[in-house]
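target08.txt (compact mmCIF, C-alpha atoms) appears below.
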# COMPACT_ATOMS: atom_id res chain seq x y z
CA MET N 1 -29.98 -41.77 10.21
CA ALA N 2 -31.09 -38.43 11.63
CA GLY N 3 -28.25 -36.08 12.62
CA GLU N 4 -25.49 -38.18 11.11
CA LYS N 5 -25.43 -36.45 7.71
CA SER N 6 -22.07 -37.40 6.32
CA LEU N 7 -19.20 -38.45 8.54
CA VAL N 8 -15.79 -38.81 6.93
CA LEU N 9 -12.63 -39.75 8.79
CA LEU N 10 -9.31 -38.70 7.24
CA ASP N 11 -6.89 -41.18 8.72
CA PHE N 12 -3.71 -43.23 8.28
CA TRP N 13 -3.87 -47.00 8.72
CA VAL N 14 -1.44 -47.41 11.62
CA SER N 15 -2.13 -44.15 13.45
CA PRO N 16 -3.18 -44.81 17.05
CA PHE N 17 -4.77 -41.35 17.14
CA GLY N 18 -6.89 -42.26 14.13
CA GLN N 19 -7.72 -45.58 15.74
CA ARG N 20 -9.10 -43.77 18.78
CA CYS N 21 -11.66 -42.21 16.44
CA ARG N 22 -12.41 -45.48 14.61
CA ILE N 23 -13.05 -47.25 17.91
CA ALA N 24 -15.20 -44.39 19.19
CA LEU N 25 -17.30 -44.30 16.01
CA ALA N 26 -17.78 -48.09 16.17
CA GLU N 27 -18.68 -48.05 19.88
CA LYS N 28 -21.24 -45.34 19.16
CA GLY N 29 -22.68 -47.22 16.18
CA LEU N 30 -22.01 -44.31 13.83
CA GLU N 31 -21.48 -44.97 10.13
CA TYR N 32 -18.71 -43.11 8.39
CA GLU N 33 -16.52 -43.10 5.32
CA TYR N 34 -12.90 -43.99 6.01
CA SER N 35 -10.43 -42.06 3.87
CA GLU N 36 -6.82 -43.30 3.93
CA GLN N 37 -4.38 -40.40 3.64
CA GLU N 38 -0.88 -40.23 2.22
CA LEU N 39 1.34 -38.94 4.99
CA LEU N 40 4.92 -39.77 4.12
CA GLY N 41 4.45 -38.48 0.57
CA THR N 42 2.25 -35.60 -0.63
CA LYS N 43 -0.66 -34.69 1.61
CA SER N 44 -4.05 -34.34 -0.08
CA ASP N 45 -5.71 -30.98 -0.71
CA LEU N 46 -8.63 -32.12 1.42
CA LEU N 47 -6.35 -32.81 4.39
CA LEU N 48 -4.46 -29.53 4.02
CA ARG N 49 -7.73 -27.59 3.72
CA SER N 50 -9.34 -29.40 6.64
CA ASN N 51 -6.41 -29.10 9.02
CA PRO N 52 -4.36 -26.13 7.83
CA VAL N 53 -2.89 -25.55 11.30
CA HIS N 54 -1.37 -28.99 11.94
CA LYS N 55 -1.74 -30.72 8.54
CA LYS N 56 -2.27 -33.97 10.46
CA ILE N 57 -4.73 -36.80 10.74
CA PRO N 58 -7.12 -37.74 12.21
CA VAL N 59 -9.64 -35.25 10.88
CA LEU N 60 -13.34 -35.88 11.32
CA LEU N 61 -15.51 -34.18 8.71
CA HIS N 62 -19.12 -33.83 9.79
CA ALA N 63 -21.30 -32.51 6.96
CA GLY N 64 -18.08 -31.07 5.55
CA ARG N 65 -16.96 -29.26 8.72
CA PRO N 66 -13.62 -30.43 10.09
CA VAL N 67 -12.88 -31.38 13.70
CA ASN N 68 -9.20 -31.94 14.49
CA GLU N 69 -7.21 -33.54 17.33
CA SER N 70 -8.23 -37.04 18.43
CA LEU N 71 -9.42 -36.19 21.95
CA VAL N 72 -11.30 -33.12 20.68
CA ILE N 73 -12.98 -35.48 18.17
CA LEU N 74 -13.92 -37.92 20.94
CA ASN N 75 -15.49 -35.12 23.03
CA TYR N 76 -17.27 -33.87 19.90
CA LEU N 77 -18.74 -37.28 19.07
CA ASP N 78 -20.31 -37.49 22.54
CA GLU N 79 -21.75 -33.98 22.27
CA ALA N 80 -22.90 -34.05 18.65
CA PHE N 81 -24.50 -37.50 18.96
CA PRO N 82 -26.13 -37.49 22.39
CA ALA N 83 -28.43 -40.40 21.50
CA SER N 84 -25.46 -42.70 20.92
CA PRO N 85 -23.75 -44.61 23.80
CA PRO N 86 -21.56 -42.03 25.63
CA LEU N 87 -17.79 -42.42 25.90
CA LEU N 88 -17.56 -40.09 28.88
CA PRO N 89 -19.42 -40.70 32.15
CA ALA N 90 -22.15 -38.29 33.27
CA ASP N 91 -20.68 -37.11 36.58
CA PRO N 92 -18.41 -34.02 36.30
CA TYR N 93 -15.74 -35.45 38.61
CA ALA N 94 -15.66 -38.79 36.77
CA ARG N 95 -15.42 -36.80 33.53
CA ALA N 96 -12.48 -34.81 34.89
CA GLN N 97 -10.71 -38.04 35.89
CA ALA N 98 -11.36 -39.46 32.40
CA ARG N 99 -10.01 -36.35 30.67
CA PHE N 100 -6.92 -36.33 32.90
CA TRP N 101 -6.02 -39.95 32.17
CA ALA N 102 -6.88 -39.76 28.47
CA ALA N 103 -4.49 -36.82 28.10
CA TYR N 104 -1.92 -38.69 30.19
CA SER N 105 -2.13 -41.71 27.90
CA ASP N 106 -0.52 -39.61 25.13
CA LYS N 107 2.72 -40.04 27.09
CA VAL N 108 2.90 -43.72 26.14
CA TYR N 109 3.34 -42.71 22.50
CA GLU N 110 5.52 -39.69 23.20
CA VAL N 111 7.95 -41.58 25.44
CA GLY N 112 7.73 -44.72 23.30
CA THR N 113 8.79 -42.73 20.25
CA ARG N 114 11.87 -41.52 22.13
CA LEU N 115 12.65 -45.15 22.97
CA TRP N 116 13.08 -46.16 19.33
CA LYS N 117 14.44 -42.84 18.07
CA LEU N 118 17.09 -41.94 20.62
CA LYS N 119 20.32 -43.44 21.91
CA GLY N 120 22.61 -43.10 24.92
CA ASP N 121 21.54 -40.99 27.88
CA ALA N 122 18.35 -39.81 26.19
CA HIS N 123 17.35 -43.45 25.62
CA GLY N 124 18.05 -44.26 29.26
CA GLN N 125 15.89 -41.32 30.33
CA ALA N 126 13.07 -42.54 28.08
CA LYS N 127 13.28 -46.05 29.62
CA LYS N 128 12.93 -44.56 33.09
CA GLU N 129 9.98 -42.39 32.06
CA MET N 130 8.20 -45.25 30.31
CA ALA N 131 8.38 -47.31 33.50
CA GLU N 132 6.84 -44.39 35.43
CA VAL N 133 4.07 -43.85 32.89
CA LEU N 134 3.09 -47.52 32.76
CA ALA N 135 3.25 -47.82 36.55
CA ASN N 136 0.93 -44.80 36.89
CA LEU N 137 -1.52 -46.23 34.35
CA ASP N 138 -1.42 -49.63 36.01
CA GLY N 139 -2.04 -47.98 39.38
CA GLU N 140 -5.01 -46.05 38.04
CA LEU N 141 -6.50 -49.15 36.42
CA GLY N 142 -6.06 -51.16 39.59
CA ASP N 143 -8.23 -54.25 39.72
CA LYS N 144 -10.98 -52.76 37.56
CA ALA N 145 -12.00 -54.31 34.25
CA PHE N 146 -11.72 -50.96 32.48
CA PHE N 147 -10.43 -47.56 33.53
CA SER N 148 -13.83 -46.19 34.49
CA GLY N 149 -15.00 -49.42 36.13
CA ASP N 150 -17.16 -52.05 34.50
CA GLU N 151 -17.78 -50.22 31.27
CA PHE N 152 -15.39 -49.64 28.35
CA GLY N 153 -15.05 -45.87 28.05
CA PHE N 154 -13.13 -42.72 27.21
CA VAL N 155 -9.78 -43.61 28.78
CA ASP N 156 -9.83 -47.14 27.35
CA VAL N 157 -10.53 -45.72 23.86
CA ALA N 158 -7.70 -43.20 24.31
CA LEU N 159 -5.14 -45.74 25.54
CA VAL N 160 -5.86 -49.04 23.79
CA PRO N 161 -4.52 -47.98 20.35
CA PHE N 162 -1.06 -47.89 21.92
CA ALA N 163 -1.35 -51.55 22.95
CA PRO N 164 0.02 -52.95 19.64
CA TRP N 165 2.97 -50.53 19.99
CA LEU N 166 3.90 -51.90 23.42
CA PRO N 167 5.70 -55.04 22.15
CA SER N 168 7.97 -52.77 20.06
CA TYR N 169 8.51 -50.45 23.03
CA GLU N 170 9.29 -53.52 25.12
CA LYS N 171 11.93 -54.51 22.58
CA TYR N 172 13.55 -51.07 22.42
CA GLY N 173 13.10 -50.44 26.13
CA GLU N 174 14.05 -53.90 27.38
CA PHE N 175 11.08 -54.47 29.64
CA SER N 176 8.00 -56.70 29.78
CA VAL N 177 4.53 -55.32 30.44
CA LYS N 178 3.21 -58.80 31.29
CA GLU N 179 5.90 -59.28 33.93
CA LYS N 180 5.85 -55.86 35.54
CA TRP N 181 2.27 -54.73 35.05
CA PRO N 182 0.15 -57.86 34.52
CA ARG N 183 -3.12 -56.01 35.16
CA LEU N 184 -2.39 -53.63 32.30
CA ASP N 185 -1.48 -56.58 30.11
CA ALA N 186 -4.77 -58.31 30.97
CA TRP N 187 -6.66 -55.06 30.29
CA ALA N 188 -5.17 -54.81 26.79
CA ARG N 189 -6.28 -58.37 25.99
CA ARG N 190 -9.74 -57.69 27.44
CA CYS N 191 -10.12 -54.61 25.24
CA GLY N 192 -8.86 -56.57 22.23
CA GLU N 193 -11.86 -58.89 22.58
CA ARG N 194 -14.23 -56.05 21.74
CA GLU N 195 -15.25 -55.92 18.11
CA SER N 196 -14.63 -52.17 17.80
CA VAL N 197 -11.05 -52.62 19.01
CA ALA N 198 -10.31 -55.84 17.13
CA LYS N 199 -11.48 -54.27 13.87
CA SER N 200 -9.54 -51.03 14.35
CA LEU N 201 -6.14 -52.16 15.56
CA HIS N 202 -3.34 -53.81 13.60
CA PRO N 203 -1.18 -56.67 14.93
CA PRO N 204 2.05 -55.71 16.73
CA GLU N 205 4.14 -57.19 13.89
CA LYS N 206 2.69 -54.66 11.47
CA VAL N 207 3.38 -51.83 13.90
CA ASP N 208 6.96 -53.00 14.36
CA GLU N 209 7.44 -53.10 10.58
CA PHE N 210 6.13 -49.54 10.43
CA ILE N 211 8.58 -48.38 13.11
CA THR N 212 11.42 -49.95 11.10
CA LEU N 213 10.16 -48.04 8.05
CA LEU N 214 10.09 -44.80 10.03
CA LYS N 215 13.63 -45.39 11.28
CA LYS N 216 14.81 -45.70 7.67
CA HIS N 217 12.83 -42.58 6.78
CA TYR N 218 14.57 -40.62 9.56
CA GLY N 219 17.96 -42.20 8.91
CA ILE N 220 18.18 -43.87 12.32
CA GLU N 221 20.22 -47.05 12.80
CA MET B 1 -24.74 -26.48 49.91
CA SER B 2 -21.69 -27.19 47.81
CA PRO B 3 -18.59 -28.49 49.62
CA PRO B 4 -15.73 -25.98 50.08
CA VAL B 5 -13.50 -25.15 47.13
CA LYS B 6 -9.76 -24.68 47.52
CA VAL B 7 -7.09 -24.00 44.94
CA ILE B 8 -3.52 -25.14 45.50
CA GLY B 9 -1.56 -22.67 43.40
CA ALA B 10 1.70 -20.80 43.18
CA PHE B 11 2.47 -17.12 42.80
CA GLY B 12 3.29 -16.16 39.25
CA SER B 13 1.96 -19.33 37.66
CA PRO B 14 -0.36 -18.67 34.71
CA PHE B 15 -1.62 -22.25 35.15
CA SER B 16 -2.77 -21.45 38.69
CA HIS B 17 -4.31 -18.26 37.39
CA ARG B 18 -6.40 -20.21 34.87
CA VAL B 19 -8.15 -22.04 37.71
CA GLU B 20 -8.79 -18.87 39.71
CA ALA B 21 -10.01 -17.13 36.54
CA ALA B 22 -12.51 -19.91 35.84
CA LEU B 23 -13.83 -19.85 39.42
CA ARG B 24 -14.20 -16.08 39.36
CA LEU B 25 -15.95 -16.06 36.00
CA LYS B 26 -18.36 -18.69 37.34
CA GLY B 27 -18.82 -16.76 40.58
CA VAL B 28 -17.59 -19.61 42.82
CA PRO B 29 -15.92 -18.58 46.10
CA TYR B 30 -12.68 -20.36 46.94
CA GLU B 31 -9.72 -20.40 49.27
CA LEU B 32 -6.28 -19.99 47.70
CA ILE B 33 -3.41 -22.02 49.14
CA LEU B 34 -0.09 -20.73 47.84
CA GLU B 35 2.69 -23.31 47.52
CA ASP B 36 6.38 -22.69 47.86
CA LEU B 37 7.42 -24.86 44.92
CA SER B 38 10.92 -25.38 46.32
CA THR B 39 9.40 -27.32 49.23
CA LYS B 40 6.16 -28.91 48.09
CA SER B 41 3.57 -29.53 50.78
CA GLU B 42 2.19 -32.94 51.83
CA LEU B 43 -1.19 -31.73 50.66
CA LEU B 44 0.07 -31.05 47.13
CA LEU B 45 1.98 -34.32 46.86
CA LYS B 46 -1.02 -36.25 48.14
CA SER B 47 -3.47 -34.43 45.87
CA ASN B 48 -1.38 -34.71 42.71
CA PRO B 49 0.77 -37.82 43.09
CA VAL B 50 1.20 -38.25 39.30
CA HIS B 51 2.57 -34.82 38.36
CA LYS B 52 3.25 -33.24 41.80
CA LYS B 53 2.42 -29.87 40.26
CA VAL B 54 0.17 -26.89 40.81
CA PRO B 55 -2.59 -26.09 40.23
CA VAL B 56 -4.86 -28.56 41.99
CA LEU B 57 -8.54 -27.91 42.64
CA LEU B 58 -9.89 -29.38 45.85
CA HIS B 59 -13.67 -29.63 45.85
CA GLY B 60 -14.65 -31.24 49.11
CA ASP B 61 -12.65 -34.46 49.07
CA ARG B 62 -12.16 -34.45 45.29
CA ALA B 63 -8.83 -33.44 43.79
CA VAL B 64 -8.73 -32.34 40.15
CA CYS B 65 -5.36 -31.83 38.45
CA GLU B 66 -4.10 -30.23 35.20
CA SER B 67 -5.29 -26.66 34.67
CA LEU B 68 -7.32 -27.30 31.50
CA VAL B 69 -9.03 -30.38 32.97
CA ILE B 70 -9.83 -28.26 36.02
CA VAL B 71 -11.35 -25.46 33.92
CA GLU B 72 -13.66 -27.92 32.14
CA TYR B 73 -14.57 -29.45 35.52
CA ILE B 74 -15.43 -26.02 36.93
CA ASP B 75 -17.66 -25.37 33.93
CA GLU B 76 -19.51 -28.65 34.44
CA ALA B 77 -19.64 -28.93 38.24
CA PHE B 78 -20.85 -25.42 39.09
CA ASP B 79 -23.74 -23.22 38.00
CA GLY B 80 -22.90 -19.84 36.55
CA PRO B 81 -22.11 -18.33 33.14
CA PRO B 82 -20.86 -21.06 30.76
CA LEU B 83 -17.16 -21.03 29.89
CA LEU B 84 -17.71 -22.98 26.68
CA PRO B 85 -20.25 -22.29 23.92
CA ALA B 86 -23.40 -24.39 23.73
CA ASP B 87 -23.12 -25.73 20.20
CA PRO B 88 -21.09 -28.98 19.88
CA TYR B 89 -19.13 -27.76 16.84
CA ASP B 90 -18.29 -24.44 18.51
CA ARG B 91 -17.19 -26.39 21.58
CA ALA B 92 -14.93 -28.53 19.39
CA MET B 93 -13.42 -25.39 17.83
CA THR B 94 -12.80 -23.89 21.28
CA ARG B 95 -11.12 -27.10 22.48
CA PHE B 96 -9.03 -27.23 19.30
CA TRP B 97 -7.70 -23.72 19.85
CA VAL B 98 -7.09 -24.40 23.54
CA ASP B 99 -5.05 -27.46 22.53
CA PHE B 100 -3.23 -25.31 19.96
CA MET B 101 -2.47 -22.69 22.62
CA GLU B 102 -1.24 -25.31 25.07
CA ASN B 103 0.64 -27.75 22.87
CA LYS B 104 1.79 -25.74 19.88
CA CYS B 105 2.05 -22.10 21.00
CA SER B 106 3.37 -22.06 24.52
CA MET B 107 6.78 -23.60 24.04
CA PRO B 108 8.00 -21.63 20.97
CA PHE B 109 6.55 -18.48 22.51
CA TRP B 110 8.43 -19.04 25.76
CA LEU B 111 11.63 -19.99 23.96
CA ALA B 112 11.37 -16.96 21.65
CA HIS B 113 11.73 -14.76 24.70
CA TRP B 114 14.28 -16.64 26.78
CA THR B 115 16.80 -17.85 24.20
CA GLU B 116 19.25 -15.63 22.37
CA GLY B 117 20.86 -14.98 19.01
CA GLU B 118 20.49 -17.39 16.13
CA VAL B 119 18.69 -20.01 18.22
CA ARG B 120 16.02 -17.48 19.06
CA GLY B 121 15.38 -16.61 15.40
CA ARG B 122 13.82 -20.01 14.73
CA PHE B 123 11.42 -19.72 17.65
CA VAL B 124 10.49 -16.14 16.83
CA LYS B 125 9.40 -17.25 13.35
CA GLU B 126 7.29 -20.09 14.75
CA ALA B 127 5.83 -17.95 17.55
CA LYS B 128 4.83 -15.24 15.06
CA GLU B 129 3.07 -17.74 12.81
CA ASN B 130 1.14 -19.05 15.81
CA LEU B 131 0.30 -15.55 17.01
CA ALA B 132 -1.07 -14.67 13.57
CA LEU B 133 -3.46 -17.62 13.80
CA LEU B 134 -4.66 -16.49 17.22
CA GLU B 135 -5.00 -12.91 15.97
CA ALA B 136 -7.29 -14.20 13.22
CA GLN B 137 -9.46 -16.00 15.79
CA LEU B 138 -10.12 -12.72 17.59
CA LYS B 139 -11.32 -10.66 14.60
CA GLY B 140 -14.40 -8.68 15.52
CA LYS B 141 -14.75 -10.20 19.00
CA ARG B 142 -14.13 -8.67 22.38
CA PHE B 143 -12.85 -11.94 23.78
CA PHE B 144 -12.07 -15.31 22.15
CA GLY B 145 -15.27 -16.46 23.84
CA GLY B 146 -17.35 -13.60 22.37
CA ASP B 147 -18.73 -10.81 24.56
CA THR B 148 -17.52 -12.45 27.73
CA ALA B 149 -14.29 -14.29 28.53
CA GLY B 150 -14.37 -18.08 28.27
CA TYR B 151 -12.24 -21.20 28.13
CA LEU B 152 -9.92 -20.06 25.34
CA ASP B 153 -9.36 -16.64 26.92
CA ILE B 154 -8.41 -18.33 30.17
CA ALA B 155 -6.13 -20.77 28.35
CA ALA B 156 -4.43 -17.85 26.57
CA CYS B 157 -3.87 -15.88 29.78
CA ALA B 158 -0.09 -16.03 29.43
CA LEU B 159 -0.57 -13.66 26.52
CA SER B 160 -2.14 -11.05 28.74
CA PRO B 161 -0.78 -9.99 32.09
CA TRP B 162 2.30 -12.19 31.84
CA LEU B 163 3.29 -11.01 28.40
CA SER B 164 4.19 -7.43 29.27
CA VAL B 165 6.17 -8.66 32.27
CA ILE B 166 8.15 -11.15 30.21
CA GLU B 167 8.76 -8.45 27.60
CA GLU B 168 10.09 -6.10 30.24
CA VAL B 169 12.35 -8.68 31.89
CA THR B 170 13.76 -10.15 28.64
CA GLY B 171 13.72 -7.00 26.52
CA VAL B 172 12.02 -8.99 23.74
CA THR B 173 8.76 -7.71 22.21
CA LEU B 174 6.99 -10.02 19.81
CA VAL B 175 3.43 -8.85 20.17
CA ASP B 176 3.32 -5.25 19.01
CA ASP B 177 0.28 -3.11 18.22
CA ASP B 178 1.04 -2.86 14.51
CA GLU B 179 1.34 -6.56 13.80
CA TYR B 180 -1.20 -7.84 16.32
CA PRO B 181 -3.75 -5.10 17.03
CA GLU B 182 -6.49 -7.56 18.05
CA LEU B 183 -4.27 -9.45 20.50
CA CYS B 184 -3.07 -6.19 22.06
CA ARG B 185 -6.64 -4.97 22.44
CA TRP B 186 -7.67 -8.35 23.89
CA ALA B 187 -4.82 -8.23 26.41
CA LYS B 188 -6.14 -4.93 27.75
CA GLU B 189 -9.71 -6.28 27.89
CA TYR B 190 -8.51 -9.33 29.78
CA ALA B 191 -6.49 -7.35 32.31
CA SER B 192 -9.32 -4.92 33.00
CA ASP B 193 -12.18 -7.43 33.25
CA GLU B 194 -13.91 -7.07 36.64
CA ALA B 195 -13.74 -10.76 37.53
CA LEU B 196 -10.37 -11.58 36.01
CA LYS B 197 -8.36 -8.69 37.36
CA GLN B 198 -8.99 -9.89 40.89
CA CYS B 199 -6.79 -12.92 40.34
CA ILE B 200 -4.09 -11.34 38.22
CA PRO B 201 -0.87 -11.05 40.25
CA ASP B 202 0.44 -7.58 41.07
CA ARG B 203 2.60 -6.44 38.15
CA ASP B 204 5.56 -5.20 40.19
CA GLU B 205 5.63 -8.41 42.20
CA LEU B 206 5.47 -10.41 38.98
CA VAL B 207 8.37 -8.43 37.48
CA ALA B 208 10.40 -9.03 40.64
CA TYR B 209 9.53 -12.74 40.53
CA PHE B 210 10.66 -13.07 36.92
CA ASN B 211 13.83 -11.11 37.56
CA VAL B 212 14.72 -13.43 40.41
CA ASN B 213 14.22 -16.46 38.16
CA LYS B 214 15.65 -14.90 34.97
CA GLU B 215 18.91 -16.82 34.81
CA ARG B 216 17.21 -20.12 35.58
CA TYR B 217 14.62 -19.58 32.82
CA LYS B 218 17.36 -18.70 30.33
CA MET B 219 19.30 -21.83 31.24
CA PHE B 220 16.27 -24.10 30.86
CA ALA B 221 15.26 -22.41 27.63
CA ASN B 222 18.69 -22.99 26.11
CA ALA B 223 18.64 -26.63 27.25
CA MET B 224 15.18 -27.14 25.73
CA ALA B 225 16.27 -25.47 22.51
CA GLN B 226 19.03 -28.05 22.10
CA GLN B 227 16.55 -30.97 22.05
Can you present the structure in this file as structure tokens?
Amino acid sequence: MAGEKSLVLLDFWVSPFGQRCRIALAEKGLEYEYSEQELLGTKSDLLLRSNPVHKKIPVLLHAGRPVNESLVILNYLDEAFPASPPLLPADPYARAQARFWAAYSDKVYEVGTRLWKLKGDAHGQAKKEMAEVLANLDGELGDKAFFSGDEFGFVDVALVPFAPWLPSYEKYGEFSVKEKWPRLDAWARRCGERESVAKSLHPPEKVDEFITLLKKHYGIE
Amino acid sequence: MSPPVKVIGAFGSPFSHRVEAALRLKGVPYELILEDLSTKSELLLKSNPVHKKVPVLLHGDRAVCESLVIVEYIDEAFDGPPLLPADPYDRAMTRFWVDFMENKCSMPFWLAHWTEGEVRGRFVKEAKENLALLEAQLKGKRFFGGDTAGYLDIAACALSPWLSVIEEVTGVTLVDDDEYPELCRWAKEYASDEALKQCIPDRDELVAYFNVNKERYKMFANAMAQQ
């Protein structure tokens, strides 16, 4: 296909940041080669060469040139493939709103990680922050089908990969998304019905197993 | 005619400055509303209910929050010289380095100045590694954006006017001419740019502001360093 050349995604199976890219590529109908990377062991030469600054996935290689950082990749996909269905809306203000909330969605993972890693006061603080973050997201979603309205878009792509992590966060944080923020819960299910999402995400049980593995890796009880 | 533009900012904030810098580079007139952050106004709290922080851009009845989101909005909503390059890959590179500046550089850089002793050593090492990467990005260019200042220059503003003030107040100098000649040259270019210098706070006032807040910054820095 014209303009696609070769797209390669350096990724790690359970990474929600990688999944953002997988979902975006699928939504845009772009073919790519998926390359699973070793993260807990020795990182590949290709990864280290492509992302020397952070040494992290996801990395999108487009005709050999690397693009790093999941949200930078999402913006890039819209701009480099203008004929494909856009993730971002056209209006500058709507775009600003989308960028704000996509960046905000990172907090789910950041605070969630503190929930399973930390104990005592720090854990309590993380619980409080998680409630704030989810309340804000629920408030922004409101009664809409998706964050930007009727269409699945940028914010949904940015946030939905954290959905399979929520049951684990619920366990460590002692809360229920379905009880407190039913609209958000319904949104996650709605997104899960899309092929791009269903094919990219792993079930919560797998994510929980991975968290347990990470805890062992970090020596956390 | 475009609806009025207002910036809710705070004196001394490089984040506020980013928004003013973007508007000035684009040639967009605006009204500056300075907040007293110890008693936040109704307007600020209403306009930024999620973070309750400055800066906020008010464009007619629209409120845009988060300095980097605002800069991209300004680039897209107004005519004027572009703040980002045209080519998609170059745009991705610019955004990558802006993210690097914001999420990887800022904290170690800040902590390298405000912490002390052994604790500081760790942050100095990290800050220097980051600075070397930025230095490399500048090679042969007047600004990060090329001949004119752009998104990355604006994002890196804390390395220009603020840097010399922080160095004076803390007595710590990380960015010296020998090790970082490009960054030092860039800092001078930034501070003397016709558009940008109009929204750079007065140096003496900035020094006074940092001196007033010195102990508080040191306390927070030490607390952050513990985490």
Just the number, please: distance in Å from atom CA of Ala126 of chain N to atom CA of Lys214 of chain B, one decimal.
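It comes out at 28.6 Å.
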Please determine the contact residues of chain B with respect to chain N at a cut-off of 8 Å, counting all atoms listed in the file, and supply them as a list in words.
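The answer, sorted by residue number, is Val50, Arg62, Val64, Cys65, Glu66, Val69, Ile70, Glu72, Tyr73, Glu76, Ala77, Pro88, Tyr89, Arg91, Ala92, Met93, Arg95 and Phe96 of chain B.
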Find the spatial neighbours of Glu168 of chain B, counting all atoms listed in the file, within a cut-off of 12 Å - ignore same-chain residues fewer than 2 positions away - and output them as a PyMOL selection string.
chain B and resi 113-114+161-166+170-174+203-204+206-208+210-211+214
Give the answer as one residue: which of B:Asp177, B:Asp61, B:Asp153, B:Glu126 has the shortest atom-to-atom distance to Lys104 of chain B, using all atoms listed in the file?
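For Lys104 of chain B, the nearest of the given residues is B:Glu126.
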What gap, in Å, lies between atom CA of Phe17 of chain N and atom CA of Ala198 of chain N?
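Atom-to-atom, atom CA of Phe17 of chain N and atom CA of Ala198 of chain N are spaced 15.5 Å apart.
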May I have the protein, DNA and RNA residues with any atom at most 10 Å from the point (-3.6, -33.5, 42.7), counting only C-alpha atoms, written as a PDB file with C-alpha atoms, keeping the file's coordinate frame?
ATOM      1  CA  ILE B   8      -3.520 -25.140  45.500  1.00  0.00           C
ATOM      2  CA  LEU B  43      -1.190 -31.730  50.660  1.00  0.00           C
ATOM      3  CA  LEU B  44       0.070 -31.050  47.130  1.00  0.00           C
ATOM      4  CA  LEU B  45       1.980 -34.320  46.860  1.00  0.00           C
ATOM      5  CA  LYS B  46      -1.020 -36.250  48.140  1.00  0.00           C
ATOM      6  CA  SER B  47      -3.470 -34.430  45.870  1.00  0.00           C
ATOM      7  CA  ASN B  48      -1.380 -34.710  42.710  1.00  0.00           C
ATOM      8  CA  PRO B  49       0.770 -37.820  43.090  1.00  0.00           C
ATOM      9  CA  VAL B  50       1.200 -38.250  39.300  1.00  0.00           C
ATOM     10  CA  HIS B  51       2.570 -34.820  38.360  1.00  0.00           C
ATOM     11  CA  LYS B  52       3.250 -33.240  41.800  1.00  0.00           C
ATOM     12  CA  LYS B  53       2.420 -29.870  40.260  1.00  0.00           C
ATOM     13  CA  VAL B  54       0.170 -26.890  40.810  1.00  0.00           C
ATOM     14  CA  PRO B  55      -2.590 -26.090  40.230  1.00  0.00           C
ATOM     15  CA  VAL B  56      -4.860 -28.560  41.990  1.00  0.00           C
ATOM     16  CA  LEU B  57      -8.540 -27.910  42.640  1.00  0.00           C
ATOM     17  CA  LEU B  58      -9.890 -29.380  45.850  1.00  0.00           C
ATOM     18  CA  ARG B  62     -12.160 -34.450  45.290  1.00  0.00           C
ATOM     19  CA  ALA B  63      -8.830 -33.440  43.790  1.00  0.00           C
ATOM     20  CA  VAL B  64      -8.730 -32.340  40.150  1.00  0.00           C
ATOM     21  CA  CYS B  65      -5.360 -31.830  38.450  1.00  0.00           C
ATOM     22  CA  GLU B  66      -4.100 -30.230  35.200  1.00  0.00           C
TER      23      GLU B  66
END
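Near (-5.0, -52.9, 38.9), the residues inside the 10 Å limit, counting all atoms listed in the file, come to Ala135, Leu137, Asp138, Gly139, Glu140, Leu141, Gly142, Asp143, Lys144, Ala145, Phe146, Phe147, Trp181, Pro182, Arg183, Leu184, Ala186 and Trp187 of chain N.
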As lines of an AutoDock Vina configuration file, what would the box around segment 63-82 of chain B look like: edges along x, y and z, 5 Å added on every side, centre and edge lengths in Å to one decimal?
center_x = -13.9
center_y = -25.9
center_z = 37.3
size_x = 29.6
size_y = 25.1
size_z = 23.0
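Coordinates place atom CA of Ala24 of chain N at a distance of 16.8 Å from atom CA of Ala90 of chain N.
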So that I can see what lies close to Pro4 of chain B, please list as a count of residues only the residues with an atom at most 9 Å from it, counting only C-alpha atoms and leaving out residues fewer than 6 positions away in the same chain.
6
Restricting the calculation to all atoms listed in the file: of B:Leu37, B:Phe220, B:Phe144, B:Asp176, which residue gets closest to Ser13 of chain B?
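Answer, going by the shortest atom-to-atom distance: B:Leu37.
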Identify which of the residues B:Gly140, B:Gly150, B:Pro201, B:Pro3 lies closest to Ala86 of chain B, counting all atoms listed in the file when measuring atom-to-atom distances.
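Answer, going by the shortest atom-to-atom distance: B:Gly150.
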Which residues are near segment 113-120 of chain N? Cut-off 9 Å, all atoms listed in the file, ignore same chain within fewer than 3 positions. Put them as a tab-separated table (two decimals) with C-alpha atoms, in the coordinates of the input.
chain	number	residue	atom	x	y	z
N	108	VAL	CA	2.90	-43.72	26.14
N	109	TYR	CA	3.34	-42.71	22.50
N	110	GLU	CA	5.52	-39.69	23.20
N	123	HIS	CA	17.35	-43.45	25.62
N	124	GLY	CA	18.05	-44.26	29.26
N	125	GLN	CA	15.89	-41.32	30.33
N	126	ALA	CA	13.07	-42.54	28.08
N	127	LYS	CA	13.28	-46.05	29.62
N	130	MET	CA	8.20	-45.25	30.31
N	168	SER	CA	7.97	-52.77	20.06
N	169	TYR	CA	8.51	-50.45	23.03
N	172	TYR	CA	13.55	-51.07	22.42
N	173	GLY	CA	13.10	-50.44	26.13
N	211	ILE	CA	8.58	-48.38	13.11
N	215	LYS	CA	13.63	-45.39	11.28
N	218	TYR	CA	14.57	-40.62	9.56
N	220	ILE	CA	18.18	-43.87	12.32
N	221	GLU	CA	20.22	-47.05	12.80
